[in-house]
Structure formats: structure tokens, C-alpha cells
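Data file: structure_11.txt. Format and content: compact mmCIF, C-alpha atoms and all ligand atoms.
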# COMPACT_ATOMS: atom_id res chain seq x y z
CA MET A 1 16.52 -9.33 17.57
CA GLY A 2 19.20 -7.55 15.57
CA VAL A 3 20.96 -7.93 12.29
CA THR A 4 23.36 -10.50 10.83
CA ILE A 5 25.47 -9.40 7.90
CA SER A 6 27.12 -11.86 5.56
CA GLN A 7 29.01 -11.49 2.32
CA ASP A 8 29.10 -13.59 -0.82
CA ASN A 9 31.30 -12.26 -3.66
CA ASN A 10 30.32 -8.62 -4.07
CA ILE A 11 26.89 -9.02 -2.58
CA SER A 12 26.32 -8.37 1.10
CA ARG A 13 23.19 -9.41 2.87
CA ALA A 14 21.88 -7.93 6.10
CA LEU A 15 19.33 -10.26 7.66
CA ILE A 16 17.17 -8.19 9.99
CA ASN A 17 15.51 -10.01 12.82
CA GLY A 18 12.50 -9.01 14.94
CA ASP A 19 10.41 -5.86 15.16
CA VAL A 20 11.58 -2.71 13.39
CA ASP A 21 10.52 0.40 15.29
CA HIS A 22 12.21 3.64 16.35
CA HIS A 23 13.89 1.86 19.29
CA THR A 24 15.36 -1.06 17.34
CA ALA A 25 16.11 1.05 14.25
CA TYR A 26 18.81 2.87 16.19
CA GLU A 27 20.98 -0.20 16.66
CA LEU A 28 20.19 -1.59 13.23
CA ARG A 29 21.31 1.69 11.68
CA GLU A 30 24.56 1.78 13.64
CA THR A 31 25.49 -1.78 12.71
CA ILE A 32 24.56 -1.50 9.04
CA ASP A 33 26.18 1.92 8.55
CA ASN A 34 29.41 0.78 10.17
CA TYR A 35 29.47 -2.13 7.78
CA ILE A 36 28.76 0.04 4.74
CA LYS A 37 31.49 2.51 5.66
CA LEU A 38 34.01 -0.24 6.39
CA TYR A 39 33.42 -2.44 3.33
CA THR A 40 31.63 -0.14 0.83
CA PRO A 41 29.77 -3.12 -0.68
CA GLU A 42 28.75 -2.97 -4.35
CA VAL A 43 25.36 -4.33 -3.46
CA LEU A 44 23.77 -4.55 -0.04
CA LYS A 45 20.58 -6.54 0.31
CA LEU A 46 18.39 -5.82 3.32
CA ASP A 47 16.60 -9.08 4.03
CA PHE A 48 13.23 -8.57 5.76
CA SER A 49 12.19 -12.23 5.86
CA GLU A 50 12.51 -12.35 9.66
CA VAL A 51 10.69 -9.07 10.34
CA GLN A 52 7.28 -9.58 11.93
CA PHE A 53 6.48 -5.94 12.63
CA MET A 54 7.56 -2.65 11.15
CA ASP A 55 6.26 0.88 11.57
CA SER A 56 7.27 3.97 9.58
CA SER A 57 10.64 3.98 11.34
CA GLY A 58 11.48 1.09 9.02
CA ILE A 59 10.83 3.31 6.01
CA GLY A 60 13.26 5.85 7.44
CA LEU A 61 15.76 3.05 8.00
CA ILE A 62 15.55 1.90 4.37
CA MET A 63 15.70 5.46 2.99
CA GLY A 64 18.71 6.39 5.11
CA ARG A 65 20.70 3.28 4.07
CA PHE A 66 19.72 3.85 0.44
CA LYS A 67 21.11 7.38 0.52
CA LEU A 68 24.31 6.39 2.29
CA ILE A 69 25.17 3.52 0.00
CA LYS A 70 24.29 5.52 -3.13
CA SER A 71 26.62 8.29 -1.98
CA LEU A 72 29.42 5.71 -1.90
CA GLY A 73 28.62 4.40 -5.39
CA GLY A 74 26.89 1.20 -4.27
CA ASP A 75 23.41 -0.16 -4.61
CA LEU A 76 20.72 -1.12 -2.09
CA LYS A 77 18.12 -3.84 -2.52
CA VAL A 78 15.33 -4.84 -0.15
CA ILE A 79 14.37 -8.48 -0.31
CA ASN A 80 11.81 -10.89 1.12
CA VAL A 81 9.41 -8.31 2.50
CA PRO A 82 6.58 -10.24 4.19
CA LYS A 83 3.08 -9.74 2.81
CA ASN A 84 1.80 -8.06 5.94
CA LEU A 85 4.20 -5.14 5.38
CA ASP A 86 2.90 -4.50 1.84
CA ARG A 87 0.55 -1.71 2.85
CA MET A 88 3.30 0.17 4.71
CA ILE A 89 5.61 -0.14 1.70
CA ARG A 90 2.93 0.99 -0.72
CA LEU A 91 2.08 3.99 1.44
CA SER A 92 5.72 5.04 1.53
CA GLY A 93 6.10 5.26 -2.24
CA LEU A 94 9.48 3.52 -1.91
CA SER A 95 8.58 1.16 -4.76
CA GLN A 96 9.47 3.97 -7.17
CA LEU A 97 13.13 3.53 -6.26
CA GLY A 98 13.13 0.05 -7.80
CA ILE A 99 14.84 -1.44 -4.78
CA PHE A 100 12.45 -4.30 -4.03
CA GLU A 101 13.30 -7.84 -5.02
CA SER A 102 11.40 -10.94 -4.00
CA GLU A 103 13.10 -13.87 -5.65
CA ASP A 104 15.73 -14.42 -2.95
CA LYS A 105 15.37 -17.22 -0.51
CA ALA A 106 16.84 -16.72 2.95
CA SER A 107 19.71 -19.16 3.09
CA CYS A 108 21.92 -17.97 5.87
CA LYS A 109 20.22 -19.75 8.72
CA ASN A 110 21.99 -22.64 10.35
CA MET B 1 -26.38 0.94 19.88
CA GLN B 2 -22.99 1.28 21.45
CA GLU B 3 -22.48 0.22 24.99
CA LEU B 4 -19.12 0.48 26.74
CA ILE B 5 -17.76 -3.03 27.32
CA ASN B 6 -14.36 -2.30 28.76
CA GLU B 7 -11.83 0.44 29.41
CA MET B 8 -8.15 0.63 30.29
CA ASN B 9 -5.69 3.34 31.24
CA LEU B 10 -1.95 3.12 31.12
CA ASN B 11 0.94 5.46 31.65
CA PHE B 12 4.64 4.97 31.22
CA LEU B 13 7.87 6.88 30.77
CA SER B 14 8.86 8.14 27.31
CA LYS B 15 11.67 5.62 26.85
CA SER B 16 12.00 4.12 23.42
CA SER B 17 12.03 0.61 24.88
CA ASN B 18 8.38 1.25 25.81
CA GLU B 19 7.35 1.38 22.15
CA SER B 20 7.14 -2.41 22.05
CA PHE B 21 5.54 -2.46 25.51
CA ALA B 22 2.76 -0.16 24.27
CA ARG B 23 2.14 -2.39 21.25
CA SER B 24 1.94 -5.52 23.41
CA ALA B 25 -0.35 -3.86 25.93
CA ILE B 26 -2.84 -2.58 23.35
CA SER B 27 -2.82 -5.97 21.58
CA ALA B 28 -3.63 -7.77 24.78
CA PHE B 29 -6.49 -5.38 25.49
CA VAL B 30 -7.97 -5.48 21.99
CA LEU B 31 -7.79 -9.27 21.76
CA GLN B 32 -11.07 -9.59 23.66
CA LEU B 33 -12.82 -8.18 20.56
CA ASP B 34 -11.46 -11.14 18.59
CA PRO B 35 -9.86 -9.06 15.81
CA THR B 36 -8.35 -10.57 12.68
CA ILE B 37 -4.55 -10.67 12.45
CA ASP B 38 -4.70 -7.77 10.00
CA GLU B 39 -6.92 -5.65 12.24
CA LEU B 40 -4.60 -6.28 15.17
CA ALA B 41 -1.53 -5.40 13.08
CA ASP B 42 -3.20 -2.14 11.97
CA ILE B 43 -3.88 -1.13 15.57
CA LYS B 44 -0.39 -2.07 16.76
CA THR B 45 1.18 -0.08 13.94
CA ALA B 46 -0.93 3.02 14.55
CA VAL B 47 -0.25 2.96 18.30
CA SER B 48 3.45 2.47 17.64
CA GLU B 49 3.42 5.60 15.46
CA ALA B 50 1.61 7.71 18.04
CA VAL B 51 3.76 6.57 20.96
CA THR B 52 6.95 7.05 18.95
CA ASN B 53 5.86 10.61 18.17
CA CYS B 54 5.46 11.36 21.89
CA ILE B 55 8.98 10.06 22.51
CA VAL B 56 10.75 11.53 19.47
CA HIS B 57 8.92 14.84 19.11
CA GLY B 58 6.79 15.59 22.19
CA TYR B 59 9.54 14.83 24.68
CA LYS B 60 12.41 15.54 22.32
CA THR B 61 14.71 16.99 24.98
CA ASN B 62 13.39 15.40 28.17
CA LEU B 63 11.67 12.35 29.59
CA GLY B 64 8.00 12.58 30.38
CA LYS B 65 4.91 10.48 30.79
CA ILE B 66 2.85 9.01 28.00
CA TYR B 67 -0.80 8.24 28.69
CA ILE B 68 -2.82 5.68 26.79
CA SER B 69 -6.51 5.28 27.35
CA SER B 70 -8.61 2.80 25.41
CA LYS B 71 -12.29 1.91 25.30
CA ILE B 72 -14.11 -0.87 23.53
CA TYR B 73 -17.80 -0.88 22.71
CA SER B 74 -20.41 -3.53 22.05
CA ASN B 75 -20.68 -2.58 18.37
CA GLY B 76 -17.00 -3.39 17.82
CA LYS B 77 -15.75 0.18 18.07
CA ILE B 78 -12.41 0.76 19.72
CA THR B 79 -11.02 4.14 20.66
CA ILE B 80 -7.43 4.70 21.70
CA GLN B 81 -6.15 7.98 23.05
CA ILE B 82 -2.39 8.62 23.17
CA LYS B 83 -1.35 11.72 25.06
CA ASP B 84 1.86 13.51 26.01
CA LYS B 85 2.55 16.67 27.97
CA GLY B 86 5.41 17.65 25.74
CA CYS B 87 6.23 20.53 23.40
CA GLY B 88 3.04 20.44 21.33
CA ILE B 89 2.52 20.93 17.60
CA GLU B 90 2.55 24.40 16.09
CA ASN B 91 0.67 23.60 12.89
CA ILE B 92 -1.31 20.36 13.04
CA GLU B 93 -2.46 20.48 9.42
CA GLN B 94 1.11 20.78 8.20
CA ALA B 95 2.34 18.10 10.64
CA MET B 96 -0.21 15.65 9.24
CA GLU B 97 0.87 16.09 5.63
CA PRO B 98 2.60 12.96 4.35
CA LEU B 99 6.41 13.33 4.34
CA PHE B 100 6.41 16.40 6.57
CA THR B 101 8.87 15.94 9.41
CA THR B 102 10.86 18.04 11.84
CA GLY B 103 12.71 14.91 12.92
CA GLY B 104 15.68 14.89 10.57
CA SER B 105 16.84 12.41 7.96
CA GLU B 106 15.94 9.21 9.82
CA ARG B 107 12.25 10.08 10.12
CA SER B 108 10.07 9.42 7.11
CA GLY B 109 7.30 11.87 7.94
CA LEU B 110 4.77 9.11 7.39
CA GLY B 111 3.54 8.50 10.95
CA PHE B 112 0.29 10.43 10.65
CA ALA B 113 -0.31 9.04 7.15
CA VAL B 114 0.02 5.52 8.56
CA MET B 115 -2.35 6.27 11.46
CA GLN B 116 -4.84 7.74 8.99
CA SER B 117 -4.66 4.85 6.61
CA PHE B 118 -4.59 2.01 9.15
CA MET B 119 -7.39 3.33 11.37
CA ASP B 120 -10.94 4.47 10.57
CA ASN B 121 -10.62 7.86 12.23
CA ILE B 122 -7.99 10.11 13.78
CA LYS B 123 -8.28 13.31 15.74
CA VAL B 124 -5.33 15.42 16.85
CA THR B 125 -5.40 18.22 19.39
CA SER B 126 -2.33 20.07 20.58
CA LYS B 127 -1.19 23.10 22.50
CA ILE B 128 2.31 24.54 22.44
CA ASN B 129 4.19 23.61 25.62
CA LYS B 130 1.12 21.79 26.93
CA GLY B 131 1.17 18.63 24.87
CA THR B 132 -0.53 16.61 22.20
CA THR B 133 -3.43 14.17 22.18
CA VAL B 134 -4.09 11.76 19.32
CA THR B 135 -7.38 9.88 19.32
CA LEU B 136 -7.63 6.85 17.07
CA GLN B 137 -10.78 4.94 16.26
CA LYS B 138 -11.40 1.65 14.51
CA PHE B 139 -14.30 -0.66 13.97
CA ILE B 140 -13.55 -4.33 14.48
CA ILE B 141 -15.90 -6.57 12.57
CA ARG B 142 -17.59 -8.69 15.19
CA ARG B 143 -17.60 -12.09 13.61
CA ASN B 144 -19.11 -13.75 16.65
CA LEU B 145 -22.02 -11.31 16.85
CA LYS B 146 -24.36 -13.60 14.88
CA ASN B 147 -23.67 -16.39 17.31
CA ASP B 148 -24.28 -14.07 20.24
CA LYS B 149 -27.76 -13.31 19.02
CA LYS B 150 -28.77 -16.90 18.57
N1 LIG C 1 3.45 14.16 19.96
C1 LIG C 1 4.01 15.12 19.21
N2 LIG C 1 4.56 16.22 19.80
C2 LIG C 1 5.13 17.19 19.07
N3 LIG C 1 5.21 17.17 17.71
C3 LIG C 1 4.71 16.10 17.06
C4 LIG C 1 4.07 15.03 17.78
N4 LIG C 1 3.65 14.13 16.87
C5 LIG C 1 3.99 14.59 15.65
N5 LIG C 1 4.62 15.80 15.75
C6 LIG C 1 5.11 16.61 14.62
O1 LIG C 1 4.52 16.13 13.42
C7 LIG C 1 5.52 15.75 12.48
C8 LIG C 1 5.05 14.61 11.62
O2 LIG C 1 4.87 13.43 12.38
P1 LIG C 1 4.89 12.01 11.64
O3 LIG C 1 3.90 12.04 10.51
O4 LIG C 1 4.70 10.95 12.65
O5 LIG C 1 6.34 11.92 10.98
P2 LIG C 1 7.77 11.73 11.69
O6 LIG C 1 7.55 11.16 13.07
O7 LIG C 1 8.48 10.77 10.82
O8 LIG C 1 8.41 13.07 11.72
C9 LIG C 1 6.74 15.47 13.32
O9 LIG C 1 7.94 15.58 12.59
C10 LIG C 1 6.62 16.52 14.43
O10 LIG C 1 7.07 17.78 13.96
MG MG C 2 6.22 9.72 13.57
What is this file in C-alpha cells?
Ligand SMILES: Nc1ncnc2c1ncn2[C@@H]1O[C@H](COP(=O)(O)OP(=O)(O)O)[C@@H](O)[C@H]1O
Ligand SMILES: [Mg+2]
Amino acid sequence: MGVTISQDNNISRALINGDVDHHTAYELRETIDNYIKLYTPEVLKLDFSEVQFMDSSGIGLIMGRFKLIKSLGGDLKVINVPKNLDRMIRLSGLSQLGIFESEDKASCKN
Amino acid sequence: MQELINEMNLNFLSKSSNESFARSAISAFVLQLDPTIDELADIKTAVSEAVTNCIVHGYKTNLGKIYISSKIYSNGKITIQIKDKGCGIENIEQAMEPLFTTGGSERSGLGFAVMQSFMDNIKVTSKINKGTTVTLQKFIIRRNLKNDKK
């Protein structure tokens, strides 16, 4: 459980692991926001490939990071959202922000 | 015909670490109805929303007890009641509107919308300074029913 952040050129990737709820979102937010403020990445990709469960706290997590990074002139992408989270995403209307990408393959496991 | 098959009651402290506990507990209870993975995920998500609301909103400034009571019926109906004795909701209709939140920038205001969309029925009752009760209902398709009859 947690998040692993890696950087490749100007693209940072935060691989989120485990359930995303109100409890876990707190620590995820702290870690990701500290990183954003420290490195102001041009692009940050939130990788959801290792997320098995997410409730609406995850929507708040994405929205909050989107606003923060935008305010610093960067861009947020959300990648590899598992199929079972589709309904939550659709309900949130977040798709309108054009932040979802699916082509990435998780490659930072070793 | 709906006949009560089983019932469970649970109470725990409004600590955020209990959000995952509540999801696990309701999953384990509902499993005896042999739900699909999607049905189970729907129920876990809805319960997570309701329990989180007790913690974040109901007991915003203090710790208190959260009560979950669940019943399953022979026709595949499951009811889950999630109750707190917290601050209560002033205007339930407004609270249930998608995107409405009093929780600040990290809350999406989508909890009730998720409960509504992932379950077949939701009922909310609340009294200021007395608490809030959310009752969720879902019908699990009983795939083994045909076999039962034979
Ligand atoms: N158990 C509760 N006790 C008090 N207020 C609640 C409770 N549940 C929900 N509310 C109120 O309803 C609003 C909407 O809830 P919800 O749709 O889950 O969105 P969110 O939790 O993101 O604010 C909350 O912001 C809060 O004002
Ligand atoms: Mg909520």
C-alpha cells in the first residue's frame, strides 16, 4: 500500500498501490503533493494499474492533484485505470478534463 | 416471498482505518449470497461511502460509534443500515445532490451519488445533533436458485 514516484525526463509517474479510500488518500495526498511542490514536474502521471478498490475519495484525490499541478503550470494525467473503476470515473464527470490515458504499460516494477 | 436468511450487527469506532474493516466485514457477510465480483464491488463501494461519511461528517470533531446492521433474504435482497450518532444533516435533499459537499476541497461530493447508482435503493434519515441513518438495498441475482428448486 502506498505510492512510488519515479521520474523519466520531464515525466513523473506516481504508481499508486492498494485501496484508495478516505483513510489511504490522506497519505497518498501528502506524498504526492510534497513531490509536486519540490520538483514541479511538467507532467505527472498517476498510475492506477495497482489499484483494486477506489471510492469517491479517489475522485477527490485526482481533482485535488489536478488543481495543484495546474496552478504550478504543469499537467496531470491518469493512466491505466482498471476496468472495474470505469463506473466511478464516468459518474464523476472527470473525463471532461481530458486527463485519462490508457496506452501506458506499467514498467517500474522490479 | 422473502424470508430472512441471516442477519448481522456490527459496531466500531469512527477511525478512518475502520473504513477498510467495514468493507471486508460486509464482503464476508454478503459472500453467502454468492454475488458476482461486480455486485460485491458495488456493495463494498457503497458501504465505504456511507462509513466514510459517518467519520468525516457525522463525527467531524469527535470520535463516536458507527453501527452497521445487515440482513439477507431468500429472494436475494440485502439491506445494509449504516448509522452514526453524530451531528446530523440539516438538509438531506441538498446533501444528496451530486457535487454538494461541506467537506472542503478534498471531498468530491459524490458519495450519495455513488450509493444511489451502485445500489438499488437508498433511504436517508437524519436529525440534527442526533445522527444519521443510511439504509441501502440491493438485489443479488441468485444464480443457484434454479438448482435449489430441482
Ligand atoms: N453521516 C453524515 N453526517 C453528517 N453529514 C453528512 C453525513 N453524510 C453526508 N453528510 C453531508 O452530506 C454531504 C454530501 O455527502 P457526500 O455525497 O458523501 O459527499 P462528500 O462526502 O464528498 O462531502 C456532506 O458533505 C455532508 O455535508
Ligand atoms: Mg462522502
**Q.** Polymer residues at most 12 Å from (-20.6, -5.0, 32.2) by only C-alpha atoms, as a list in words
**A.**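 Answer for this query, in the requested form: Glu3, Leu4, Ile5, Asn6, Glu7, Ile72, Tyr73 and Ser74 of chain B.
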Q: Go through A:Gly73, A:Gly18, A:Gly2, A:Gly58 and flag the residue nearest ligand LIG 1 (chain C), using all atoms listed in the file for the distances.
A: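 Ranked by minimum distance to ligand LIG 1 (chain C), first place goes to A:Gly58.
When only C-alpha atoms and all ligand atoms are used to measure the gap to ligand MG 2 (chain C), the shortest distance among A:Ser6, A:Ile79, A:Ser56, A:Ile62 belongs to A:Ser56.
Taking only C-alpha atoms and all ligand atoms into account, the residues that come within 6 Å of ligand LIG 1 (chain C) are Asn53, Cys54, His57, Gly58, Cys87, Gly88, Ile89, Ala95, Met96, Phe100, Thr101, Thr102, Gly103, Arg107, Ser108, Gly109, Leu110, Gly111, Phe112 and Thr132 of chain B.
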Q) So what do you get for atom CA of A:Glu42 versus atom CA of A:Lys70, distance-wise? A)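 Interatomic distance here is 9.7 Å.
Atom CA of A:Glu50 to atom CA of A:Thr4 spans 11.1 Å [interatomic distance, one decimal].
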Check: which chain A residues lie within 9 Å of chain B using all atoms listed in the file, as a PDB file with C-alpha atoms, in the frame of the given file:
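Saved result, out.pdb, follows:
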ATOM      1  CA  ASP A  19      10.410  -5.860  15.160  1.00  0.00           C
ATOM      2  CA  ASP A  21      10.520   0.400  15.290  1.00  0.00           C
ATOM      3  CA  HIS A  22      12.210   3.640  16.350  1.00  0.00           C
ATOM      4  CA  HIS A  23      13.890   1.860  19.290  1.00  0.00           C
ATOM      5  CA  THR A  24      15.360  -1.060  17.340  1.00  0.00           C
ATOM      6  CA  PHE A  53       6.480  -5.940  12.630  1.00  0.00           C
ATOM      7  CA  MET A  54       7.560  -2.650  11.150  1.00  0.00           C
ATOM      8  CA  ASP A  55       6.260   0.880  11.570  1.00  0.00           C
ATOM      9  CA  SER A  56       7.270   3.970   9.580  1.00  0.00           C
ATOM     10  CA  SER A  57      10.640   3.980  11.340  1.00  0.00           C
ATOM     11  CA  GLY A  58      11.480   1.090   9.020  1.00  0.00           C
ATOM     12  CA  ILE A  59      10.830   3.310   6.010  1.00  0.00           C
ATOM     13  CA  GLY A  60      13.260   5.850   7.440  1.00  0.00           C
ATOM     14  CA  LEU A  61      15.760   3.050   8.000  1.00  0.00           C
ATOM     15  CA  MET A  63      15.700   5.460   2.990  1.00  0.00           C
ATOM     16  CA  GLY A  64      18.710   6.390   5.110  1.00  0.00           C
ATOM     17  CA  ASN A  84       1.800  -8.060   5.940  1.00  0.00           C
ATOM     18  CA  ARG A  87       0.550  -1.710   2.850  1.00  0.00           C
ATOM     19  CA  MET A  88       3.300   0.170   4.710  1.00  0.00           C
ATOM     20  CA  LEU A  91       2.080   3.990   1.440  1.00  0.00           C
ATOM     21  CA  SER A  92       5.720   5.040   1.530  1.00  0.00           C
TER      22      SER A  92
END
Q: Would you please work out which residue, of B:Val51, B:Asn75, B:Gln94, B:Leu136, is nearest to ligand MG 2 (chain C) when using only C-alpha atoms and all ligand atoms?
A: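 That would be B:Val51, the residue with the smallest distance to ligand MG 2 (chain C).
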Q) Which is closest to A:Phe100 among A:Ile69, A:Asn80, A:Asn17, A:Ile36, if we use all atoms listed in the file? A)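 Nearest candidate to A:Phe100 out of A:Ile69, A:Asn80, A:Asn17, A:Ile36: A:Asn80.
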Quick one: 8 Å padding each side, axis-aligned, all listed atoms of stretch 84-100 of chain A - centre and edge lengths in Å to one decimal, as JSON?
{"center_x": 7.7, "center_y": -1.4, "center_z": -0.9, "size_x": 30.3, "size_y": 29.3, "size_z": 29.7}
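Shortest separation to B:Asn129 among B:Glu93, B:Leu13, B:Lys85, B:Ile43 occurs at residue B:Lys85, atoms counted being only C-alpha atoms.
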(Q) Can you measure atom CA of A:Ala25 to atom MG of ligand MG 2 (chain C) for me? One decimal in Å is fine. (A)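 Result for atom CA of A:Ala25 versus atom MG of ligand MG 2 (chain C): 13.2 Å, one decimal.
Residue nearest ligand MG 2 (chain C) within the list B:Ala50, B:Lys83, B:Asn91, B:Met8: B:Ala50 [criterion: smallest interatomic distance, all atoms listed in the file].
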Q. What's the 8 Å shell around B:Glu90, counting all atoms listed in the file, without same-chain residues fewer than 4 positions away, as a ChimeraX atom specification?
A. /B:126-128
Residues of the last selection are to be written out with C-alpha atoms, as a tab-separated table (two decimals), keeping the file's coordinate frame.
chain	number	residue	atom	x	y	z
B	126	SER	CA	-2.33	20.07	20.58
B	127	LYS	CA	-1.19	23.10	22.50
B	128	ILE	CA	2.31	24.54	22.44
Return stretch 89-105 of chain B, completed with N, CA, C and O atoms, as a tab-separated table (two decimals), keeping the file's coordinate frame.
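Okay, this is what ended up in part.tsv:
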chain	number	residue	atom	x	y	z
B	89	ILE	N	2.33	20.76	19.05
B	89	ILE	CA	2.52	20.93	17.60
B	89	ILE	C	2.03	22.31	17.20
B	89	ILE	O	0.92	22.70	17.53
B	90	GLU	N	2.89	23.03	16.48
B	90	GLU	CA	2.55	24.40	16.09
B	90	GLU	C	1.43	24.41	15.05
B	90	GLU	O	0.46	25.14	15.18
B	91	ASN	N	1.61	23.61	14.00
B	91	ASN	CA	0.67	23.60	12.89
B	91	ASN	C	0.26	22.15	12.61
B	91	ASN	O	0.98	21.41	11.94
B	92	ILE	N	-0.90	21.76	13.13
B	92	ILE	CA	-1.31	20.36	13.04
B	92	ILE	C	-1.54	19.93	11.60
B	92	ILE	O	-1.15	18.83	11.19
B	93	GLU	N	-2.16	20.81	10.83
B	93	GLU	CA	-2.46	20.48	9.42
B	93	GLU	C	-1.18	20.15	8.66
B	93	GLU	O	-1.09	19.16	7.95
B	94	GLN	N	-0.18	20.99	8.86
B	94	GLN	CA	1.11	20.78	8.20
B	94	GLN	C	1.78	19.50	8.72
B	94	GLN	O	2.32	18.71	7.94
B	95	ALA	N	1.71	19.29	10.04
B	95	ALA	CA	2.34	18.10	10.64
B	95	ALA	C	1.74	16.82	10.07
B	95	ALA	O	2.44	15.81	9.93
B	96	MET	N	0.46	16.85	9.71
B	96	MET	CA	-0.21	15.65	9.24
B	96	MET	C	0.00	15.38	7.75
B	96	MET	O	-0.37	14.31	7.26
B	97	GLU	N	0.59	16.33	7.05
B	97	GLU	CA	0.87	16.09	5.63
B	97	GLU	C	1.90	14.97	5.49
B	97	GLU	O	2.91	14.96	6.18
B	98	PRO	N	1.62	14.03	4.57
B	98	PRO	CA	2.60	12.96	4.35
B	98	PRO	C	3.97	13.54	4.00
B	98	PRO	O	4.05	14.51	3.25
B	99	LEU	N	5.01	12.96	4.56
B	99	LEU	CA	6.41	13.33	4.34
B	99	LEU	C	6.88	14.55	5.12
B	99	LEU	O	8.08	14.83	5.17
B	100	PHE	N	5.94	15.28	5.76
B	100	PHE	CA	6.41	16.40	6.57
B	100	PHE	C	7.03	15.87	7.86
B	100	PHE	O	6.44	15.06	8.57
B	101	THR	N	8.23	16.32	8.15
B	101	THR	CA	8.87	15.94	9.41
B	101	THR	C	9.78	17.05	9.91
B	101	THR	O	10.36	17.79	9.13
B	102	THR	N	9.87	17.15	11.23
B	102	THR	CA	10.86	18.04	11.84
B	102	THR	C	11.95	17.17	12.49
B	102	THR	O	12.78	17.66	13.22
B	103	GLY	N	11.88	15.87	12.18
B	103	GLY	CA	12.71	14.91	12.92
B	103	GLY	C	14.04	14.55	12.28
B	103	GLY	O	14.72	13.65	12.75
B	104	GLY	N	14.39	15.20	11.18
B	104	GLY	CA	15.68	14.89	10.57
B	104	GLY	C	15.60	13.74	9.59
B	104	GLY	O	14.52	13.21	9.30
B	105	SER	N	16.78	13.31	9.11
B	105	SER	CA	16.84	12.41	7.96
B	105	SER	C	16.39	10.98	8.26
B	105	SER	O	16.07	10.22	7.35
